[in-house]
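Presented below is the structure to which this report refers.
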Amino acid sequence: MNPWLLLLIPLLSSAFIWWFLSANKSTSFIAAWFSTAASVACLLIVIGLNQAEELGAYAFNWIELESLTLSIGLMLDSTALKMMLIVTGIGTLVNLFSTIYMAKDEHAARYYAALSLFLFSMTGIVLADNFIMMFIFWELVGLSSYLLIGHWFYKDSAANASKKAFLMNRIGDFGFIIGILLVWVMAGSFHFDQLATLLADKPEQVASLGAITLACLFCGALGKSAQFPLHTWLADAMEGPTPVSALIHAATMVAAGIYMLFRFQLSLGYDVAGLIFDTWAGTMISYLGATTAVIAALCALAQSDIKKILAYSTLSQLGYMVMAIGLGFKGGEAAMFHLYTHAWFKALLFLGAGAIIYRCHHQQDIWKMGGLAKRMPVTAFCFILGSAALMAIPIITSGAYSKEQILEVVHHENTLLFWVAIVVAALTVFYTLRLIIVTFTGTARSNDSSDAKEAPVAMLIPLVILGVLAIISGLPKVAKVLAPAYHEHPVVFNFVFISSSIAIIIGAITAVVIYRGKGNEPLYLPILKKAFGFDFFYEVFLVRWIQRFVAGLCQVTDQFLISAVIVSGVARFTAYVGQGLRQMHRGQLALYHLLLSVGMIVLIYLFVFA
């Protein structure tokens, strides 16, 4: 039951698959089950650790200086261990699902090596006991996502999507590392368990640096959790295999930003966290989260790619979490509870989409599907359960419990953000029902879906398990055992509940009226389909402008500074000096006598008159 095995097992799995199995296509089957066995082993260890009564400190010193001691250690508190249930649980189900989905892929072994590396990286983020260790694994998650999103790198779209995700996350990570350094300046330590004690004695540092530190740390979440304006990479990340999308959107990469902010809140303690989050930085975080939620929900309305609809749904739900966490400690608890319930039903939706895509000959356009409820009844039923949780159908789904907590906190703290959240709730129901009606009802609209049949058993097992969790994981008794940050919050029939229920009804009625019985898209919304043109704006006004500016600066520097002044200038100066000296040495005695006489006159003047 050594906790270090949680890091060692997936790392060894990744290394073994990469070195010994990736070169041979015939070993893909072995790689699949080796990776799955590694994730199962990690899940069993996590279950054992959650049941253990006492857990010791697991750390060793890495750097020891006079003013700095930095360790590599594991923080095994209840929040980290319950978060690990999500990571290893969904990681295991994704591995099992992939054994069928990736069975015919020629480079499946490379995929499983990257999958194990992803599990290793996310485990390091969750269990890290200090910011430096977290940042190391934070970057490894970026590397892992680059490898998985670009798995089919021979496709330009996949290669570009992986590069886009990697580079946009580096932008956010630049601010993140500045925030980590400011934590050191403010507290004199990077270790989470020391921050509350140290900062309690330094109110001046908290007052002067707290807000800017929080804002810089949030830059990391801005990239990892794909918040506006660094949100555009997440939809393009759908170019990777669908099980990768389930892992990224449910349990790993996008969850890292939310978890990091909540870990920072916990490490500060209630009082200090209140001082830091109750500033302009906390307000900025909440409004950026709300902005992301609205933009993503609107974009989801017009997408026809089933994976992109779910991707924008993830963006919107992450916006909910960020909006809540910026409001302080209670908002952070609500955000983490929603992250927990969202992980199960969003993994269900993506794996369900993967099963649909697999049986529809890798067709992803929902308008070329239709009638799949009859041909894939189990998949459809599980997908609808996940959709119900996403729509937060009251009382019977997990999403209703966690979303109500967020709405309660937001209603108490900020009325404007509350009504924004209610609008997003209505939009969520609208685009989710649109997806269900178009995909599962009516008749088949193409040959790809007309001969679809039920998914294989290895795909259905994860769907059924996640379908059950999509319903029960929000129940108080279950949530107390499994949720990273759950506090007693029964469903109350109050103003918040009534408002969200009305939003659900409005969204549902609108979707049914517009899309029932339709064979093609009745709403043409090009600006939403193009996601408000953010990619075009970045390409034209940022990427190209920066490229031209940098290229122009390099050209001017090369031609006028390096070439004209440094290289050619030295050569010309040497030539001019040599030419001048040649004029003085032409072999003419009269000239030599003249110069000698002038020189003597000058010397006499200097010695006599000076």
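Identifiers for the structure tokens are assigned positionally: chains receive A, B, ... in sequence, residues are indexed from 1 per chain, and ligands are indexed from 1 in the order shown.
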| Ala59 in chain A surroundings by only C-alpha atoms, 9 Å radius, close-in-sequence under 6 positions cut, as a ChimeraX atom specification | /A:71-75,129
Every residue of range 36-241 of chain A that DSSP places in strand (DSSP E or B), as a PDB file with N, CA and C atoms, in the first residue's frame:
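Final output, saved to result.pdb:
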```pdb
ATOM      1  N   TYR A  58       4.896  11.473   3.493  1.00  0.00           N
ATOM      2  CA  TYR A  58       5.751  10.798   2.523  1.00  0.00           C
ATOM      3  C   TYR A  58       6.487  11.855   1.708  1.00  0.00           C
ATOM      4  N   ALA A  59       7.735  12.131   2.068  1.00  0.00           N
ATOM      5  CA  ALA A  59       8.498  13.167   1.383  1.00  0.00           C
ATOM      6  C   ALA A  59       9.987  12.924   1.575  1.00  0.00           C
ATOM      7  N   PHE A  60      10.770  13.408   0.638  1.00  0.00           N
ATOM      8  CA  PHE A  60      12.229  13.432   0.796  1.00  0.00           C
ATOM      9  C   PHE A  60      12.734  14.758   0.251  1.00  0.00           C
ATOM     10  N   ASN A  61      13.772  15.266   0.874  1.00  0.00           N
ATOM     11  CA  ASN A  61      14.307  16.557   0.471  1.00  0.00           C
ATOM     12  C   ASN A  61      14.994  16.459  -0.871  1.00  0.00           C
ATOM     13  N   TRP A  62      14.697  17.406  -1.709  1.00  0.00           N
ATOM     14  CA  TRP A  62      15.259  17.467  -3.062  1.00  0.00           C
ATOM     15  C   TRP A  62      16.339  18.556  -3.142  1.00  0.00           C
ATOM     16  N   ILE A  63      16.022  19.737  -2.638  1.00  0.00           N
ATOM     17  CA  ILE A  63      16.960  20.858  -2.638  1.00  0.00           C
ATOM     18  C   ILE A  63      17.038  21.410  -1.219  1.00  0.00           C
ATOM     19  N   GLU A  64      18.255  21.557  -0.715  1.00  0.00           N
ATOM     20  CA  GLU A  64      18.459  22.112   0.618  1.00  0.00           C
ATOM     21  C   GLU A  64      19.464  23.259   0.542  1.00  0.00           C
ATOM     22  N   THR A  69      14.278  24.981   1.492  1.00  0.00           N
ATOM     23  CA  THR A  69      14.251  23.523   1.513  1.00  0.00           C
ATOM     24  C   THR A  69      13.060  23.077   0.685  1.00  0.00           C
ATOM     25  N   LEU A  70      13.330  22.307  -0.337  1.00  0.00           N
ATOM     26  CA  LEU A  70      12.269  21.897  -1.262  1.00  0.00           C
ATOM     27  C   LEU A  70      12.219  20.384  -1.300  1.00  0.00           C
ATOM     28  N   SER A  71      11.034  19.843  -1.129  1.00  0.00           N
ATOM     29  CA  SER A  71      10.873  18.394  -1.075  1.00  0.00           C
ATOM     30  C   SER A  71      10.081  17.887  -2.263  1.00  0.00           C
ATOM     31  N   ILE A  72      10.209  16.608  -2.488  1.00  0.00           N
ATOM     32  CA  ILE A  72       9.311  15.873  -3.377  1.00  0.00           C
ATOM     33  C   ILE A  72       8.477  14.990  -2.461  1.00  0.00           C
ATOM     34  N   GLY A  73       7.241  15.352  -2.289  1.00  0.00           N
ATOM     35  CA  GLY A  73       6.426  14.644  -1.311  1.00  0.00           C
ATOM     36  C   GLY A  73       4.990  14.477  -1.758  1.00  0.00           C
ATOM     37  N   LEU A  74       4.268  13.641  -1.048  1.00  0.00           N
ATOM     38  CA  LEU A  74       2.875  13.343  -1.359  1.00  0.00           C
ATOM     39  C   LEU A  74       1.980  13.891  -0.261  1.00  0.00           C
ATOM     40  N   ALA A 128       0.910  16.353  -5.148  1.00  0.00           N
ATOM     41  CA  ALA A 128       2.060  17.213  -4.847  1.00  0.00           C
ATOM     42  C   ALA A 128       1.846  17.968  -3.542  1.00  0.00           C
ATOM     43  N   ASN A 130       3.806  20.618  -2.716  1.00  0.00           N
ATOM     44  CA  ASN A 130       4.316  21.984  -2.867  1.00  0.00           C
ATOM     45  C   ASN A 130       4.120  22.448  -4.306  1.00  0.00           C
ATOM     46  N   HIS A 191       5.554  25.161   0.144  1.00  0.00           N
ATOM     47  CA  HIS A 191       4.843  23.988   0.645  1.00  0.00           C
ATOM     48  C   HIS A 191       3.435  24.375   1.111  1.00  0.00           C
TER      49      HIS A 191
END
```
| task | Calculate how many Å separate CA of Ile527 in chain A from CA of Ala302 in chain A, rounding to one decimal. | result | 8.8 Å
Which polymer residues have any atom within 10 Å of an atom of range 381-395 of chain A, counting only C-alpha atoms, with same-chain residues fewer than 5 positions away left out, as a PDB file with C-alpha atoms, in the first residue's frame?
```pdb
ATOM      1  CA  SER A 313     -20.301  21.853 -22.903  1.00  0.00           C
ATOM      2  CA  THR A 314     -17.157  21.136 -20.879  1.00  0.00           C
ATOM      3  CA  GLN A 317     -19.316  23.748 -17.031  1.00  0.00           C
ATOM      4  CA  THR A 341     -20.068  14.933 -10.424  1.00  0.00           C
ATOM      5  CA  HIS A 342     -19.143  16.443 -13.799  1.00  0.00           C
ATOM      6  CA  TRP A 344     -18.461  10.973 -14.122  1.00  0.00           C
ATOM      7  CA  PHE A 345     -21.217  12.179 -16.424  1.00  0.00           C
ATOM      8  CA  LYS A 346     -18.878  13.954 -18.840  1.00  0.00           C
ATOM      9  CA  ALA A 347     -16.725  10.814 -19.142  1.00  0.00           C
ATOM     10  CA  LEU A 348     -19.969   8.940 -19.825  1.00  0.00           C
ATOM     11  CA  LEU A 349     -20.974  11.396 -22.556  1.00  0.00           C
ATOM     12  CA  PHE A 350     -17.616  11.293 -24.317  1.00  0.00           C
ATOM     13  CA  LEU A 351     -17.293   7.523 -24.129  1.00  0.00           C
ATOM     14  CA  GLY A 352     -20.903   7.253 -25.296  1.00  0.00           C
ATOM     15  CA  ALA A 353     -20.038   9.525 -28.202  1.00  0.00           C
ATOM     16  CA  ILE A 356     -21.598   6.026 -31.433  1.00  0.00           C
ATOM     17  CA  ALA A 373     -31.986   4.760 -29.957  1.00  0.00           C
ATOM     18  CA  MET A 376     -27.996   1.158 -29.972  1.00  0.00           C
ATOM     19  CA  ALA A 400     -28.546  18.804  -9.977  1.00  0.00           C
ATOM     20  CA  TYR A 401     -26.997  18.540  -6.505  1.00  0.00           C
ATOM     21  CA  SER A 402     -23.643  20.058  -7.428  1.00  0.00           C
ATOM     22  CA  LYS A 403     -25.017  22.747  -9.741  1.00  0.00           C
ATOM     23  CA  GLU A 404     -27.517  23.833  -7.085  1.00  0.00           C
ATOM     24  CA  ALA A 425     -28.556  26.551 -17.419  1.00  0.00           C
ATOM     25  CA  ALA A 426     -31.343  27.122 -19.963  1.00  0.00           C
ATOM     26  CA  LEU A 427     -28.850  27.072 -22.850  1.00  0.00           C
ATOM     27  CA  THR A 428     -27.338  23.837 -21.500  1.00  0.00           C
ATOM     28  CA  VAL A 429     -30.714  22.110 -21.612  1.00  0.00           C
ATOM     29  CA  PHE A 430     -31.372  23.472 -25.095  1.00  0.00           C
ATOM     30  CA  TYR A 431     -28.167  22.233 -26.765  1.00  0.00           C
ATOM     31  CA  THR A 432     -28.190  18.933 -24.863  1.00  0.00           C
ATOM     32  CA  LEU A 433     -31.751  18.088 -25.916  1.00  0.00           C
ATOM     33  CA  LEU A 435     -28.080  16.620 -29.439  1.00  0.00           C
ATOM     34  CA  ILE A 436     -30.359  13.864 -28.107  1.00  0.00           C
ATOM     35  CA  PHE A 440     -31.290   9.257 -31.263  1.00  0.00           C
ATOM     36  CA  LEU A 460     -20.713  -1.001 -22.641  1.00  0.00           C
ATOM     37  CA  PRO A 462     -17.675   1.559 -18.708  1.00  0.00           C
ATOM     38  CA  LEU A 463     -20.875   3.191 -19.996  1.00  0.00           C
ATOM     39  CA  VAL A 464     -23.103   1.280 -17.569  1.00  0.00           C
ATOM     40  CA  ILE A 465     -20.812   1.992 -14.591  1.00  0.00           C
ATOM     41  CA  LEU A 466     -20.640   5.695 -15.457  1.00  0.00           C
ATOM     42  CA  GLY A 467     -24.390   5.763 -16.080  1.00  0.00           C
ATOM     43  CA  VAL A 468     -25.022   4.565 -12.536  1.00  0.00           C
ATOM     44  CA  LEU A 469     -22.566   7.132 -11.136  1.00  0.00           C
ATOM     45  CA  ALA A 470     -24.190   9.895 -13.193  1.00  0.00           C
ATOM     46  CA  ILE A 471     -27.322   9.311 -11.143  1.00  0.00           C
ATOM     47  CA  GLY A 474     -24.555  13.420  -6.197  1.00  0.00           C
ATOM     48  CA  LEU A 475     -26.615  11.718  -3.482  1.00  0.00           C
ATOM     49  CA  PRO A 490     -29.915  19.043   0.883  1.00  0.00           C
ATOM     50  CA  VAL A 491     -32.087  20.112  -2.008  1.00  0.00           C
ATOM     51  CA  PHE A 497     -34.317  25.858  -7.082  1.00  0.00           C
ATOM     52  CA  SER A 500     -33.154  26.812 -12.180  1.00  0.00           C
ATOM     53  CA  SER A 501     -36.192  24.557 -12.712  1.00  0.00           C
ATOM     54  CA  ILE A 504     -34.678  23.846 -17.474  1.00  0.00           C
ATOM     55  CA  ILE A 505     -38.325  23.858 -18.582  1.00  0.00           C
ATOM     56  CA  GLY A 507     -34.729  25.254 -22.499  1.00  0.00           C
ATOM     57  CA  ALA A 508     -36.442  21.879 -22.924  1.00  0.00           C
TER      58      ALA A 508
END
```
| Contact residues around Ala32 in chain A with only C-alpha atoms at 8 Å, ignoring same-chain residues under 5 positions, as a count of residues only | 6
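Nearest residue to Leu214 in chain A, choosing from A:Met122, A:Leu247, A:Ala235, A:Met284 and counting only C-alpha atoms: A:Met284.
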| task | For Val481 in chain A, list every protein, DNA or RNA residue within 10 Å, evaluated using only C-alpha atoms, and leave out those in the same chain fewer than 5 positions away; present the list as a ChimeraX atom specification. | result | /A:50,78,82,473,476,486
| field | CA of Asp236 in chain A to CA of Ile100 in chain A, distance in Å rounded to a single decimal | value | 23.8 Å
| Which of these residues is nearest to His338 in chain A, using only C-alpha atoms: A:Leu217, A:Met102, A:Ala200, A:Ala483? | A:Ala483
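The two atoms in question, CA of Leu234 in chain A and CA of Ser162 in chain A, are spaced 10.0 Å apart.
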| message | What's around Gly319 in chain A at 8 Å? Count only C-alpha atoms, leave out sequence neighbours fewer than 6 positions away in its own chain, and write the answer as a ChimeraX atom specification. | response | /A:227,288-293
| said: Would you pick out the contacts of Ser286 in chain A at 10 Å or less, using only C-alpha atoms, so that residues sharing its chain but fewer than 2 positions from it are not included, and give the list as a ChimeraX atom specification? | reply: /A:280-284,288-292,319-328,331,410,414,417
Go ahead and write the residues just picked, N, CA, C and O atoms, as a short mmCIF file (atom, residue, chain, number, x, y, z; two decimals), in the first residue's frame.
```cif
data_model
loop_
_atom_site.label_atom_id
_atom_site.label_comp_id
_atom_site.auth_asym_id
_atom_site.auth_seq_id
_atom_site.Cartn_x
_atom_site.Cartn_y
_atom_site.Cartn_z
N TRP A 280 -10.02 42.31 -6.08
CA TRP A 280 -10.30 42.43 -7.52
C TRP A 280 -9.93 41.17 -8.28
O TRP A 280 -10.55 40.85 -9.31
N ALA A 281 -8.94 40.42 -7.77
CA ALA A 281 -8.53 39.20 -8.45
C ALA A 281 -9.63 38.15 -8.40
O ALA A 281 -9.94 37.48 -9.41
N GLY A 282 -10.25 37.98 -7.23
CA GLY A 282 -11.36 37.03 -7.12
C GLY A 282 -12.53 37.44 -7.99
O GLY A 282 -13.16 36.59 -8.64
N THR A 283 -12.84 38.73 -8.02
CA THR A 283 -13.92 39.23 -8.88
C THR A 283 -13.61 38.97 -10.35
O THR A 283 -14.49 38.54 -11.13
N MET A 284 -12.36 39.22 -10.76
CA MET A 284 -11.96 38.98 -12.14
C MET A 284 -12.13 37.51 -12.51
O MET A 284 -12.64 37.17 -13.59
N LEU A 288 -14.62 36.18 -15.46
CA LEU A 288 -14.06 35.44 -16.60
C LEU A 288 -14.70 34.06 -16.71
O LEU A 288 -14.96 33.57 -17.81
N GLY A 289 -14.94 33.42 -15.56
CA GLY A 289 -15.64 32.13 -15.58
C GLY A 289 -17.04 32.25 -16.16
O GLY A 289 -17.46 31.43 -16.98
N ALA A 290 -17.78 33.29 -15.74
CA ALA A 290 -19.12 33.51 -16.26
C ALA A 290 -19.09 33.79 -17.76
O ALA A 290 -19.94 33.30 -18.52
N THR A 291 -18.11 34.58 -18.20
CA THR A 291 -17.97 34.88 -19.63
C THR A 291 -17.71 33.61 -20.43
O THR A 291 -18.32 33.39 -21.49
N THR A 292 -16.83 32.77 -19.92
CA THR A 292 -16.55 31.50 -20.60
C THR A 292 -17.79 30.62 -20.67
O THR A 292 -18.07 30.00 -21.71
N GLY A 319 -16.59 26.95 -16.77
CA GLY A 319 -16.88 28.34 -16.47
C GLY A 319 -17.70 28.46 -15.19
O GLY A 319 -17.46 29.36 -14.36
N TYR A 320 -18.69 27.55 -15.02
CA TYR A 320 -19.45 27.51 -13.78
C TYR A 320 -18.52 27.36 -12.57
O TYR A 320 -18.64 28.06 -11.56
N MET A 321 -17.60 26.39 -12.67
CA MET A 321 -16.71 26.11 -11.54
C MET A 321 -15.81 27.30 -11.23
O MET A 321 -15.61 27.66 -10.06
N VAL A 322 -15.23 27.91 -12.27
CA VAL A 322 -14.35 29.05 -12.07
C VAL A 322 -15.12 30.23 -11.49
O VAL A 322 -14.63 30.94 -10.60
N MET A 323 -16.31 30.44 -11.99
CA MET A 323 -17.16 31.51 -11.46
C MET A 323 -17.38 31.33 -9.96
O MET A 323 -17.31 32.30 -9.19
N ALA A 324 -17.61 30.10 -9.53
CA ALA A 324 -17.85 29.83 -8.12
C ALA A 324 -16.59 29.98 -7.29
O ALA A 324 -16.59 30.58 -6.21
N ILE A 325 -15.48 29.45 -7.79
CA ILE A 325 -14.26 29.41 -6.98
C ILE A 325 -13.70 30.81 -6.76
O ILE A 325 -13.03 31.07 -5.76
N GLY A 326 -14.00 31.74 -7.67
CA GLY A 326 -13.55 33.11 -7.49
C GLY A 326 -14.28 33.83 -6.38
O GLY A 326 -13.83 34.89 -5.91
N LEU A 327 -15.39 33.26 -5.91
CA LEU A 327 -16.20 33.90 -4.87
C LEU A 327 -15.77 33.52 -3.46
O LEU A 327 -16.37 33.96 -2.50
N GLY A 328 -14.73 32.69 -3.34
CA GLY A 328 -14.22 32.39 -2.02
C GLY A 328 -14.32 30.93 -1.64
O GLY A 328 -14.52 30.05 -2.49
N GLY A 331 -17.52 28.92 -2.38
CA GLY A 331 -17.58 28.72 -3.82
C GLY A 331 -16.61 27.66 -4.28
O GLY A 331 -16.90 26.88 -5.19
N VAL A 410 -23.48 31.54 -5.65
CA VAL A 410 -23.46 32.70 -6.54
C VAL A 410 -24.62 33.64 -6.22
O VAL A 410 -24.46 34.87 -6.23
N ASN A 414 -23.41 37.33 -5.62
CA ASN A 414 -23.45 38.24 -6.77
C ASN A 414 -24.71 37.98 -7.59
O ASN A 414 -24.80 36.97 -8.29
N LEU A 417 -24.19 37.65 -11.56
CA LEU A 417 -23.63 36.36 -11.97
C LEU A 417 -24.65 35.24 -11.80
O LEU A 417 -24.65 34.27 -12.57
#
```
